[in-house]
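Take a look at the structure below.
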Protein chains: 2
Amino acid sequence: MKKIALSLIAATLILDTSAVLADEGMWQPNQLPTITKQLTKAGLKLNPNDLTDLTGFPMGAIVSLGGCTASFVSDQGLVATNHHCVYGSVQYNSTAENNLLKNGFLAKSFKDELPATPGSRIYVTEEISEVTKLVKAGLTDAMSGNDRYHTIDKNSKTLVAACENDDRYRCSVVNFHGGLEYYLFKQLTIRDVRLVHAPASSIGKYGGDIDNWMWPRHTGDYGFYRAYVDKDGQPADYSEDNVPYQPKHHLKVNKSSVDDGDYIMVLGYPGRTNRYRTAYEVENQFTWVYPQAKAYREEVIKLIHQHSAVGSEARIKYESTLAGLANYAKNYGSMIHSYNKGSFQSRKQTLETNLATWISSDAKRKSQYGESLTGLNKLLKMDNKQQARDLIIGYLRYSKMLTTANKLYRLAIEKQKPNLDREHGYQERDIARFEQNMKAVNRRYDANIDQEIIVAMLTHYVALSKAERISSIDTFFGLNNTTTINFDEKKLRKQLTRMYKSTKLNSQERRLAWMNKDVSDFEKSHDPFIQLAVSSFKQRKVIEDKSNELAGNIQAYRPKYMQALIAYFNDNNLPVYADANSTLRITYGNVKGYSPQDGLTATPFTTLEGIVAKDTGAAPFDAPKKQLALINNKHYGEYAKKSLASVPVNYLGTLDITGGNSGSPTLNDKAEFVGLVFDGVYESIIGDWDYDTKLNRSIHVDIRYMLWVMEHVDGATNLIEEMDIVE
Amino acid sequence: MKKIALSLIAATLILDTSAVLADEGMWQPNQLPTITKQLTKAGLKLNPNDLTDLTGFPMGAIVSLGGCTASFVSDQGLVATNHHCVYGSVQYNSTAENNLLKNGFLAKSFKDELPATPGSRIYVTEEISEVTKLVKAGLTDAMSGNDRYHTIDKNSKTLVAACENDDRYRCSVVNFHGGLEYYLFKQLTIRDVRLVHAPASSIGKYGGDIDNWMWPRHTGDYGFYRAYVDKDGQPADYSEDNVPYQPKHHLKVNKSSVDDGDYIMVLGYPGRTNRYRTAYEVENQFTWVYPQAKAYREEVIKLIHQHSAVGSEARIKYESTLAGLANYAKNYGSMIHSYNKGSFQSRKQTLETNLATWISSDAKRKSQYGESLTGLNKLLKMDNKQQARDLIIGYLRYSKMLTTANKLYRLAIEKQKPNLDREHGYQERDIARFEQNMKAVNRRYDANIDQEIIVAMLTHYVALSKAERISSIDTFFGLNNTTTINFDEKKLRKQLTRMYKSTKLNSQERRLAWMNKDVSDFEKSHDPFIQLAVSSFKQRKVIEDKSNELAGNIQAYRPKYMQALIAYFNDNNLPVYADANSTLRITYGNVKGYSPQDGLTATPFTTLEGIVAKDTGAAPFDAPKKQLALINNKHYGEYAKKSLASVPVNYLGTLDITGGNSGSPTLNDKAEFVGLVFDGVYESIIGDWDYDTKLNRSIHVDIRYMLWVMEHVDGATNLIEEMDIVE
């Protein structure tokens with residue numbers, strides 16, 4: 001396999017001006033030499049070429065936790081990340097007598113370290129190879145969308161399977177620019193992960209959901225893992241005989257932190273962005289999808305509230321679901337607001353007009369890209385025809401019984417096929433996680449609420465036109481001749497009550513047993529949810545196939561559109577970065593405040609005193625008494641910042657980040673660790689679609705706050721000593 | 001009468017340092033020469049002596065509207081004030097066909113001007129005379145509190161009556177420093193007041209209750225009246241023959257406005273402050289009164305919400321009551337928060353400790369002031385013994401039927417006495433307003449809600465100890481042996497339902513008829529609310545007398561305490577200002593932002609663009625379409641401010657203001673009109689008790705915004721031409 005040599009150069013979408021916008025962009029490591037000028041201007045002191053070597057310094061110190069980013073901060077495999085990234089492991093080790101979530105945890109020696117939550121992994125990216133040709137092998141212009149979809153899928157699975165032959169590695173094939181290029185990522189997978197330290201949740205989650213996405217912020221969102229390997233230095237399952245992993249590289253920690261205006265960068269694994277969507281896609285998303293999805297979320301939140309008293313067993317089971325629903329209702333609300341108040345849509349339109357002019361001004365371009373946008377949009381419009389139904393079906397998945405039955409039946413179907421032919425989620429490599437999901441159902445399930453969700457979503461469903469409806473579902477619920485006008489909710493409730501009374505899928509034992517049954521067992525079952533899954537499967541499969549057909553066709557068109565866009569940007573001397581796709585990226589910029597509102601300025605640092613000011617004594621504003629006393633006594637130790645006359649807690653940066661960047665180290669101009677990125681401000685939630693230089697701000701835990709809490713509140717001096725601290 | 005020559009010099013309460021805090025203080029005009037140094041340092045260009053002449057410039061241009069302040073801004077009696085100060089007159093002239101509240105109003109010529117709401121007055125303060133000796137005539141140390149209270153009361157009423165012999169004047173005796181000194185205020189009273197101009201409410205109230213007390217702010221809170229007099233230039237009732245009043249002085253308007261840091265001052269009539277209360281009073285107020293009152297307010301809000309659907313007739317009737325309840329629940333909430341987070345209480349304690357040390361360090365002081373604080377606190381503690389009951393009785397007054405019955409019966413009783421002996425509110429001069437109140441009852445009354453308020457408050461009442469209860473009320477409601485445990489709410493409701501069924505006090509005609517009946521008519525009445533008023537009167541009067549007895553005793557002690565405090569401040573070279581008491585004051589300071597929260601800075605100006613950003617199209621964020629279009633087109637005319645690249649809308653100042661200052665002109669260093677003060681920020685609500693230099697900020701409409709809207713949105717060029725505009 002050949003090492004990466006990407007020809008892509010990254011880009012900005014905002015193209016009314018020909019100036020490259022600083023700070024925007026999630027750059028692939030190998031792209032950095034192409035933006036040397038910008039990096040130097042922003043303040044980087046290193047040679048950008050030094051940042052391209054995945055196994056060198058500093059990239060070799062950056063790791064993925066799968067969903068979060070982290071970094072080695074000692075030669076003994078000590079890993080720094082966000083508190084919210086180690087949260088599951090703290091929870092896993094908590095007991096009623098020893099509530100680690102509440103009290104925090106500190107291993108004073110290696111032997112005190114606790115196993116992380118089962119399935120925890122540390123991934124070290126060792127190789128990235130372009131595999132576009134291999135993934136596209138066998139594709140023809142004439143083939144159906146479905147065939148194209150499955151060819152790409154199977155080629156990718158084959159590459160992954162071959163790469164994972166060495167079981168020390170996890171591999172993935174990732175598409176860039178909507179399928180214009182494909183890369184194979186090979187990651188060393190450390191399986192023995194241990195919890196080393198986490199502050200109390202009242203520090204690590206200070207402000208909780210209320211402060212989530214907000215500034216001013218005062219969250220100590222950090223925690224530490226340690227990577228363990230066997231005596232030969234190879235990944236291994238947990239064993240007492242394992243030893244700390246000795247990474248080739250780790251980050252130095254600079255306790256001087258940063259000042260307003262300083263260069264900073266974040267190395268990490270951002271999840272998903274949509275910076276290159278078409279104007280049509282954007283409009284549909286912001287004027288239909290997000291508003292409708294927000295309304296459904298709020299409806300489900302309301303019904304959960306109505307059907308579970310605060311503090312009741314049911315409510316406790318749904319707290320996490322509620323948090324997720326509310327989190328994204330707030331997220332969508334912010335994006336809709338930003339969209340309505342800003343110029344995003346009109347800039348998209350302008351870009352497409354300019355692109356069209358550029359294409360039509362040259363015969364060669366015209367023949368090459370002429371149809372790319374219209375062709376893509378035509379497919380996208382087809383794809384959106386059923387979106388009202390698909391969104392309802394999507395929110396029906398909040399019913400655990402429906403989802404469990406569908407998943408179990410699908411597993412029986414997929415197991416009939418050879419492993420490589422199976423759908424994602426049903427391959428051998430997925431079974432362990434599948435089983436864990438089945439075990440977890442009851443922890444987040446209440447029959448009454450589950451039923452209410454079905455009633456609410458079917459109430460929307462019966463408003464759909466006949467063409468959009470799924471007749472087998474109509475038949476099952478006796479809704480064939482039902483519309484909103486004659487919808488008999490009472491009758492539906494009666495049927496559902498019977499279903500919940502008779503189903504056995506609420507038993508963990510039964511669910512696990514169903515994992516080993518075959519299709520005929522399902523067909524014979526008297527369980528009403530399984531009967532529904534079986535009777536509706538064929539039609540649901542038809543819908544899925546149609547969707548794959550379209551996806552396959554889009555896979556043919558979107559790369560063409562991206563090719564046009566990239567050519568256009570490059571012709572305007574603009575580098576092009578790819579949308580985030582959970583692969584290793586670098587974003588750079590500066591420490592900087594912003595104006596969230598006319599008449600208000602967010603200053604770039606918060607201080608310890610802000611913790612006291614916010615504190616109410618009740619969660620999420622219930623800092624430890626010891627911490628409050630230290631602050632009131634101005635016990636800053638060596639961590640006060642002169643210009644603030646206090647210890648900085650969090651700071652703002654202009655970095656272009658998104659989910660997945662959580663836990664990424666924030667590095668200074670010499671690639672020294674000066675904090676952790678853990679969130680973005682409310683006004684930059686739309687950043688997944690549109691980067692606004694004025695409003696896009698990342699939020700970081702200041703290294704000084706981390707060290708101050710570790711030394712003065714938690715006494716984690718052993719870890720401070722273990723790290724290489726410079727200033 | 002001798003002209004004012006106050007010997008008092010005003011002071012700051014915060015006395016850990018000996019430096020005078022700039023910006024704090026509501027100064028009497030005659031005090032200004034004593035703080036010349038501070039005024040000059042802040043930037044005043046005039047001689048402070050020029051600000052002491054009530055009939056000279058600029059003080060002669062400042063007028064009171066009774067509750068609001070205003071100022072003459074042309075030689076034709078044009079008066080500028082806040083939109084919320086002319087709101088009643090706009091509402092009064094609105095009809096369904098011609099909704100002036102919604103559309104705004106502009107008289108393009110004098111003859112188009114509309115009469116202000118009945119009872120509107122413009123008061124021009126012409127004389128202030130010290131009358132301490134006259135008010136205290138006949139007081140002896142030996143006399144009872146009740147006698148002292150009534151002696152002071154009668155002396156004051158006598159002075160007022162004599163002064164008001166000339167019916168062009170309204171007079172009042174006002175106490176300073178808790179009764180240490182008394183002054184007689186004589187105000188020329190202009191009775192023909194006309195509405196000249198008000199912008200649409202969507203400008204004048206932009207942001208409504210949501211933005212009330214908040215920053216950032218974008219409110220065009222201005223409006224114009226005109227004063228009319230008879231042909232001889234004397235105050236007269238409305239007549240078509242009246243002519244515009246020609247004030248001796250009016251303010252010039254400086255359209256350059258002000259910059260960050262510039263000197264500004266506000267001349268006006270601040271209502272009430274409590275800066276010199278004792279530590280005991282403060283603690284009781286913030287740890288008991290405000291929290292309890294906030295809880296009752298929230299309870300009443302909740303029950304109104306429960307018993308009136310949105311948009312129902314009942315809800316509409318209670319909108320204004322709800323707004324008032326919510327307004328002060330928010331107000332109290334802010335004050336409680338500031339108190340709990342700040343050092344107010346400990347600074348009060350420190351002051352009292354320092355004062356005690358200062359007193360006890362000198363034999364003469366010891367004999368003169370030794371007992372002042374302990375004596376005062378002893379009385380205050382007695383006064384607070386029944387505060388739980390009194391607060392409940394206070395909120396029972398939200399029941400219109402109870403209050404109406406009590407007031408009517410009291411009127412019959414007071415009418416038996418000579419006019420001067422009657423209680424405030426029941427004298428001849430009060431009857432017109434009394435009648436208006438009786439007429440207005442039904443506009444804000446719903447029997448069901450009225451009843452619910454009684455139920456809610458009696459539920460709290462039965463929790464009181466026997467000693468606190470009023471036995472005649474217990475007897476009336478059959479509650480003599482009732483406590484919380486055996487309270488029979490159902491039975492009470494039954495009785496109340498009967499009462500509301502049979503009472504005739506819900507009829508305007510009957511209420512007005514009762515105004516002319518005598519005590520025996522009341523005693524014979526079968527109306528249940530009147531029966532309750534009659535049967536409980538004696539006990540209520542005993543409580544009132546006790547309260548007057550205490551008040552009289554406090555009137556003997558508080559001046560002693562204030563004397564000690566003033567002597568102590570003066571000994572520390574600190575000038576002393578008196579608490580606000582609705583008399584003419586000057587506060588000065590600078591245009592300045594602040595930090596409402598760690599990590600946030602409020603910048604001193606907002607701009608037009610902020611209006612667009614806040615706009616939702618729905619009230620209270622529904623700026624006129626024309627205005628939004630002008631802003632989007634950057635149609636700033638001559639009013640843009642270079643440093644903002646836009647037109648300033650509102651700005652922040654450090655001025656020490658409170659309710660009653662509304663509508664006060666904001667003047668620059670040359671006493672030119674540069675805006676109107678209309679609110680304070682949320683963090684300075686506690687300012688009525690405690691001025692905090694860091695957080696106390698006044699909010700002003702920028703003159704540039706006023707002129708921009710007048711010229712470009714409303715076309716009020718006639719008014720712009722009428723004013724003397726300089727730059």
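Identifiers for the structure tokens are assigned positionally: chains receive A, B, ... in sequence, residues are indexed from 1 per chain, and ligands are indexed from 1 in the order shown.
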
Stretch 366-382 of chain A environment, 9 Å, only C-alpha atoms, sequence neighbours closer than 4 positions dropped, as a PyMOL selection string: chain A and resi 278+280-281+352+356+358-362+386+550-551+553-554+556-564

Within 12 Å of A:Ala467 using only C-alpha atoms, minus same-chain residues under 5 positions, as an MDAnalysis selection string: chainID A and resid 385:386 388:389 461:462 480

Store the residues picked out above, limited to all heavy atoms, as a compact mmCIF listing (two decimals), in the first residue's frame.
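New file selection-v6.txt:
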# COMPACT_ATOMS: atom_id res chain seq x y z
N LYS A 385 -38.55 13.04 -1.54
CA LYS A 385 -39.98 12.91 -1.75
C LYS A 385 -40.67 12.24 -0.58
O LYS A 385 -41.81 12.55 -0.25
CB LYS A 385 -40.25 12.09 -3.03
CG LYS A 385 -40.52 12.96 -4.23
CD LYS A 385 -41.03 12.11 -5.37
CE LYS A 385 -41.25 12.99 -6.60
NZ LYS A 385 -41.43 12.15 -7.80
N GLN A 386 -39.99 11.27 0.00
CA GLN A 386 -40.60 10.52 1.09
C GLN A 386 -40.10 10.99 2.45
O GLN A 386 -40.23 10.28 3.45
CB GLN A 386 -40.26 9.02 0.93
CG GLN A 386 -40.55 8.45 -0.45
CD GLN A 386 -42.04 8.48 -0.77
OE1 GLN A 386 -42.87 8.50 0.12
NE2 GLN A 386 -42.37 8.51 -2.07
N ALA A 388 -41.08 13.16 4.62
CA ALA A 388 -42.05 13.33 5.71
C ALA A 388 -42.29 11.99 6.38
O ALA A 388 -42.27 11.87 7.60
CB ALA A 388 -43.35 13.92 5.18
N ARG A 389 -42.47 10.94 5.54
CA ARG A 389 -42.68 9.61 6.09
C ARG A 389 -41.42 9.12 6.80
O ARG A 389 -41.48 8.59 7.91
CB ARG A 389 -43.04 8.62 4.98
CG ARG A 389 -43.27 7.22 5.54
CD ARG A 389 -43.25 6.17 4.46
NE ARG A 389 -41.95 6.10 3.81
CZ ARG A 389 -41.77 5.67 2.57
NH1 ARG A 389 -42.81 5.29 1.84
NH2 ARG A 389 -40.56 5.61 2.05
N TYR A 461 -48.41 9.83 11.27
CA TYR A 461 -48.35 8.92 10.13
C TYR A 461 -49.67 8.88 9.35
O TYR A 461 -49.66 8.91 8.12
CB TYR A 461 -47.96 7.53 10.65
CG TYR A 461 -48.03 6.42 9.64
CD1 TYR A 461 -46.97 6.20 8.75
CD2 TYR A 461 -49.14 5.57 9.56
CE1 TYR A 461 -47.02 5.18 7.82
CE2 TYR A 461 -49.20 4.56 8.64
CZ TYR A 461 -48.15 4.36 7.76
OH TYR A 461 -48.20 3.35 6.83
N VAL A 462 -50.80 8.87 10.06
CA VAL A 462 -52.08 8.77 9.36
C VAL A 462 -52.42 10.04 8.56
O VAL A 462 -53.35 10.02 7.76
CB VAL A 462 -53.27 8.42 10.30
CG1 VAL A 462 -53.07 7.05 10.93
CG2 VAL A 462 -53.47 9.50 11.36
N ASN A 480 -55.94 0.99 7.39
CA ASN A 480 -55.99 1.08 5.93
C ASN A 480 -56.89 2.19 5.41
O ASN A 480 -56.57 2.83 4.43
CB ASN A 480 -56.43 -0.27 5.35
CG ASN A 480 -55.30 -1.28 5.44
OD1 ASN A 480 -54.20 -1.04 4.91
ND2 ASN A 480 -55.53 -2.38 6.13

Helix (DSSP H, G or I) positions in stretch 359-419 of chain B, given as a PyMOL selection string: chain B and resi 359-360+363-369+372-384+387-396+400-414+419

With C-alpha atoms kept, could you save the residues just selected as a PDB file, in the first residue's frame?
ATOM      1  CA  ILE B 359     -19.208  56.909  68.510  1.00  0.00           C
ATOM      2  CA  SER B 360     -17.744  55.174  71.537  1.00  0.00           C
ATOM      3  CA  ALA B 363     -17.769  60.957  75.196  1.00  0.00           C
ATOM      4  CA  LYS B 364     -19.814  63.681  73.543  1.00  0.00           C
ATOM      5  CA  ARG B 365     -20.676  61.492  70.588  1.00  0.00           C
ATOM      6  CA  LYS B 366     -21.481  58.703  72.982  1.00  0.00           C
ATOM      7  CA  SER B 367     -24.052  60.754  74.832  1.00  0.00           C
ATOM      8  CA  GLN B 368     -25.464  62.203  71.619  1.00  0.00           C
ATOM      9  CA  TYR B 369     -25.678  59.082  69.393  1.00  0.00           C
ATOM     10  CA  SER B 372     -29.404  55.670  68.163  1.00  0.00           C
ATOM     11  CA  LEU B 373     -28.816  52.387  66.356  1.00  0.00           C
ATOM     12  CA  THR B 374     -29.851  49.981  69.093  1.00  0.00           C
ATOM     13  CA  GLY B 375     -32.919  52.082  69.817  1.00  0.00           C
ATOM     14  CA  LEU B 376     -33.901  52.156  66.182  1.00  0.00           C
ATOM     15  CA  ASN B 377     -33.342  48.444  65.679  1.00  0.00           C
ATOM     16  CA  LYS B 378     -35.393  47.640  68.767  1.00  0.00           C
ATOM     17  CA  LEU B 379     -38.348  49.519  67.278  1.00  0.00           C
ATOM     18  CA  LEU B 380     -37.823  47.948  63.874  1.00  0.00           C
ATOM     19  CA  LYS B 381     -37.843  44.496  65.402  1.00  0.00           C
ATOM     20  CA  MET B 382     -41.157  45.262  67.089  1.00  0.00           C
ATOM     21  CA  ASP B 383     -42.480  46.488  63.774  1.00  0.00           C
ATOM     22  CA  ASN B 384     -41.510  43.232  62.078  1.00  0.00           C
ATOM     23  CA  GLN B 387     -44.762  40.957  59.220  1.00  0.00           C
ATOM     24  CA  ALA B 388     -45.835  37.441  58.247  1.00  0.00           C
ATOM     25  CA  ARG B 389     -49.456  38.404  58.848  1.00  0.00           C
ATOM     26  CA  ASP B 390     -49.087  41.836  57.304  1.00  0.00           C
ATOM     27  CA  LEU B 391     -47.604  40.424  54.114  1.00  0.00           C
ATOM     28  CA  ILE B 392     -50.525  37.998  53.763  1.00  0.00           C
ATOM     29  CA  ILE B 393     -53.003  40.829  54.395  1.00  0.00           C
ATOM     30  CA  GLY B 394     -51.074  42.836  51.812  1.00  0.00           C
ATOM     31  CA  TYR B 395     -51.500  40.195  49.118  1.00  0.00           C
ATOM     32  CA  LEU B 396     -55.151  39.726  50.118  1.00  0.00           C
ATOM     33  CA  LYS B 400     -60.804  43.653  44.431  1.00  0.00           C
ATOM     34  CA  MET B 401     -63.982  42.903  46.417  1.00  0.00           C
ATOM     35  CA  LEU B 402     -62.217  42.885  49.781  1.00  0.00           C
ATOM     36  CA  THR B 403     -60.280  46.041  48.978  1.00  0.00           C
ATOM     37  CA  THR B 404     -63.273  47.905  47.542  1.00  0.00           C
ATOM     38  CA  ALA B 405     -65.417  47.158  50.596  1.00  0.00           C
ATOM     39  CA  ASN B 406     -62.644  48.228  53.002  1.00  0.00           C
ATOM     40  CA  LYS B 407     -61.974  51.453  51.100  1.00  0.00           C
ATOM     41  CA  LEU B 408     -65.634  52.454  50.797  1.00  0.00           C
ATOM     42  CA  TYR B 409     -66.276  51.873  54.488  1.00  0.00           C
ATOM     43  CA  ARG B 410     -63.123  53.787  55.400  1.00  0.00           C
ATOM     44  CA  LEU B 411     -64.277  56.689  53.258  1.00  0.00           C
ATOM     45  CA  ALA B 412     -67.573  56.819  55.196  1.00  0.00           C
ATOM     46  CA  ILE B 413     -65.611  56.889  58.450  1.00  0.00           C
ATOM     47  CA  GLU B 414     -63.082  59.502  57.368  1.00  0.00           C
ATOM     48  CA  ASN B 419     -60.806  67.489  56.029  1.00  0.00           C
TER      49      ASN B 419
END

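A straight line drawn from atom CA of B:Ala326 to atom CA of B:Val300 is 9.7 Å long.
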
8 Å contacts from chain A to chain B using only C-alpha atoms, as an NGL selection string: :A and (215-217 or 341 or 597-607 or 609-610 or 613)

Those residues with C-alpha atoms, as a PDB file, in the first residue's frame please?
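What landed in again-v3.pdb:
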ATOM      1  CA  TRP A 215     -20.297  30.975  26.854  1.00  0.00           C
ATOM      2  CA  PRO A 216     -19.300  32.069  29.495  1.00  0.00           C
ATOM      3  CA  ARG A 217     -18.155  28.614  30.492  1.00  0.00           C
ATOM      4  CA  LYS A 341     -30.823  35.578  10.671  1.00  0.00           C
ATOM      5  CA  GLN A 597     -24.999  39.947  20.278  1.00  0.00           C
ATOM      6  CA  ASP A 598     -25.027  43.624  19.445  1.00  0.00           C
ATOM      7  CA  GLY A 599     -23.954  45.323  22.692  1.00  0.00           C
ATOM      8  CA  LEU A 600     -22.147  42.306  24.171  1.00  0.00           C
ATOM      9  CA  THR A 601     -18.598  40.997  23.855  1.00  0.00           C
ATOM     10  CA  ALA A 602     -17.513  37.541  24.926  1.00  0.00           C
ATOM     11  CA  THR A 603     -14.026  38.008  26.356  1.00  0.00           C
ATOM     12  CA  PRO A 604     -11.640  35.141  25.579  1.00  0.00           C
ATOM     13  CA  PHE A 605     -11.007  33.886  29.128  1.00  0.00           C
ATOM     14  CA  THR A 606     -13.139  32.986  32.113  1.00  0.00           C
ATOM     15  CA  THR A 607     -11.678  32.839  35.614  1.00  0.00           C
ATOM     16  CA  GLU A 609     -14.269  33.772  40.252  1.00  0.00           C
ATOM     17  CA  GLY A 610     -16.883  32.989  37.607  1.00  0.00           C
ATOM     18  CA  ALA A 613     -20.569  33.620  40.803  1.00  0.00           C
TER      19      ALA A 613
END

Close residues, B:Ser71 itself excluded, 7 Å, only C-alpha atoms, min 2 positions apart in chain, as a ChimeraX atom specification: /B:61-63,73,79-81,665

Polymer residues at most 9 Å from B:Gln627, only C-alpha atoms, same-chain spacing of 6 or more positions, as number ranges by chain: B: 709, 712-713

Straight-line distance linking atom CA of A:Tyr263 with atom CA of A:Tyr588, stated in Å to one decimal: 7.4 Å

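DSSP on the backbone gives strand (DSSP E) for these parts of stretch 475-675 of chain A: A:Arg585, A:Ile586, A:Thr587, A:Tyr588, A:Gly589, A:Asn590, A:Tyr594, A:Ser595, A:Pro596, A:Gln597, A:Leu600, A:Thr601, A:Ala602, A:Phe605, A:Thr606, A:Thr607, A:Pro648, A:Val649, A:Asn650, A:Tyr651, A:Leu652, A:Gly653, A:Pro665, A:Thr666, A:Leu667, A:Phe673, A:Val674, A:Gly675.
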
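Taking only C-alpha atoms into account, A:Lys102 lies nearest to A:Asp622 out of the set A:Asp688, A:Asp679, A:Asp230, A:Asp622.
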
Residue neighbourhood B:Trp689, 12 Å, only C-alpha atoms, exclusion window fewer than 6 positions, as a ChimeraX atom specification: /B:12-14,24-25,272-279,281-283,285-286,332,335-336,338-339,344-345,348,579-580,656-658,696

How about saving the chosen residues, N, CA and C atoms kept, as a short mmCIF file (atom, residue, chain, number, x, y, z; two decimals), in the first residue's frame?
data_model
loop_
_atom_site.label_atom_id
_atom_site.label_comp_id
_atom_site.auth_asym_id
_atom_site.auth_seq_id
_atom_site.Cartn_x
_atom_site.Cartn_y
_atom_site.Cartn_z
N THR B 12 -21.90 58.55 50.52
CA THR B 12 -21.91 57.18 50.05
C THR B 12 -21.97 56.25 51.24
N LEU B 13 -22.58 55.12 51.01
CA LEU B 13 -22.73 54.17 52.11
C LEU B 13 -21.54 53.24 52.24
N ILE B 14 -20.92 53.01 51.11
CA ILE B 14 -19.84 52.03 51.09
C ILE B 14 -18.60 52.68 51.67
N GLU B 24 -21.93 57.33 42.27
CA GLU B 24 -22.99 57.09 43.24
C GLU B 24 -23.51 58.42 43.76
N GLY B 25 -24.82 58.47 44.01
CA GLY B 25 -25.38 59.67 44.64
C GLY B 25 -26.45 60.34 43.82
N ARG B 272 -37.76 56.32 45.26
CA ARG B 272 -37.43 55.85 46.62
C ARG B 272 -36.15 55.03 46.57
N THR B 273 -35.27 55.29 47.51
CA THR B 273 -34.12 54.39 47.73
C THR B 273 -34.02 54.11 49.22
N ASN B 274 -33.22 53.11 49.55
CA ASN B 274 -33.08 52.67 50.95
C ASN B 274 -31.62 52.47 51.28
N ARG B 275 -30.82 53.48 50.97
CA ARG B 275 -29.37 53.32 51.10
C ARG B 275 -28.87 53.40 52.54
N TYR B 276 -29.73 53.92 53.45
CA TYR B 276 -29.27 54.13 54.83
C TYR B 276 -29.98 53.24 55.84
N ARG B 277 -30.54 52.13 55.35
CA ARG B 277 -31.20 51.22 56.27
C ARG B 277 -30.16 50.51 57.14
N THR B 278 -30.61 50.02 58.29
CA THR B 278 -29.67 49.35 59.19
C THR B 278 -29.42 47.93 58.70
N ALA B 279 -28.33 47.34 59.18
CA ALA B 279 -27.98 45.97 58.79
C ALA B 279 -29.13 45.03 59.12
N GLU B 281 -32.36 45.77 59.19
CA GLU B 281 -33.42 45.97 58.20
C GLU B 281 -33.08 45.28 56.88
N VAL B 282 -31.82 45.41 56.47
CA VAL B 282 -31.39 44.83 55.21
C VAL B 282 -31.52 43.31 55.26
N GLU B 283 -31.03 42.74 56.35
CA GLU B 283 -31.07 41.28 56.46
C GLU B 283 -32.52 40.79 56.44
N GLN B 285 -35.10 42.25 55.16
CA GLN B 285 -35.71 42.49 53.86
C GLN B 285 -35.28 41.44 52.84
N PHE B 286 -33.99 41.10 52.83
CA PHE B 286 -33.46 40.23 51.78
C PHE B 286 -33.56 38.75 52.12
N TYR B 332 -37.48 41.29 42.55
CA TYR B 332 -37.05 40.72 43.83
C TYR B 332 -36.03 39.60 43.60
N MET B 335 -32.70 41.04 43.08
CA MET B 335 -32.13 41.61 44.31
C MET B 335 -31.66 40.52 45.26
N ILE B 336 -32.46 39.45 45.38
CA ILE B 336 -32.07 38.34 46.25
C ILE B 336 -30.76 37.73 45.74
N SER B 338 -28.42 39.18 43.85
CA SER B 338 -27.31 40.11 44.07
C SER B 338 -26.89 40.08 45.54
N TYR B 339 -27.88 40.06 46.43
CA TYR B 339 -27.60 40.05 47.87
C TYR B 339 -26.82 38.79 48.25
N PHE B 344 -22.97 42.89 50.25
CA PHE B 344 -23.79 43.98 50.79
C PHE B 344 -23.95 43.86 52.31
N GLN B 345 -24.40 42.69 52.76
CA GLN B 345 -24.68 42.53 54.19
C GLN B 345 -23.41 42.72 55.02
N LYS B 348 -22.53 46.34 55.27
CA LYS B 348 -23.43 47.02 56.20
C LYS B 348 -22.95 46.79 57.64
N ASP B 579 -31.54 59.79 50.76
CA ASP B 579 -32.28 58.79 49.98
C ASP B 579 -33.26 59.51 49.05
N ALA B 580 -33.51 58.89 47.91
CA ALA B 580 -34.47 59.45 46.96
C ALA B 580 -35.85 59.52 47.60
N ASP B 656 -26.68 57.02 38.83
CA ASP B 656 -27.38 56.45 39.98
C ASP B 656 -28.85 56.86 39.90
N ILE B 657 -29.66 55.99 39.33
CA ILE B 657 -31.07 56.35 39.09
C ILE B 657 -32.00 55.32 39.71
N THR B 658 -33.26 55.67 39.76
CA THR B 658 -34.28 54.69 40.17
C THR B 658 -35.61 55.11 39.56
N ASN B 696 -23.57 48.84 38.54
CA ASN B 696 -24.69 49.76 38.43
C ASN B 696 -24.64 50.52 37.11
#
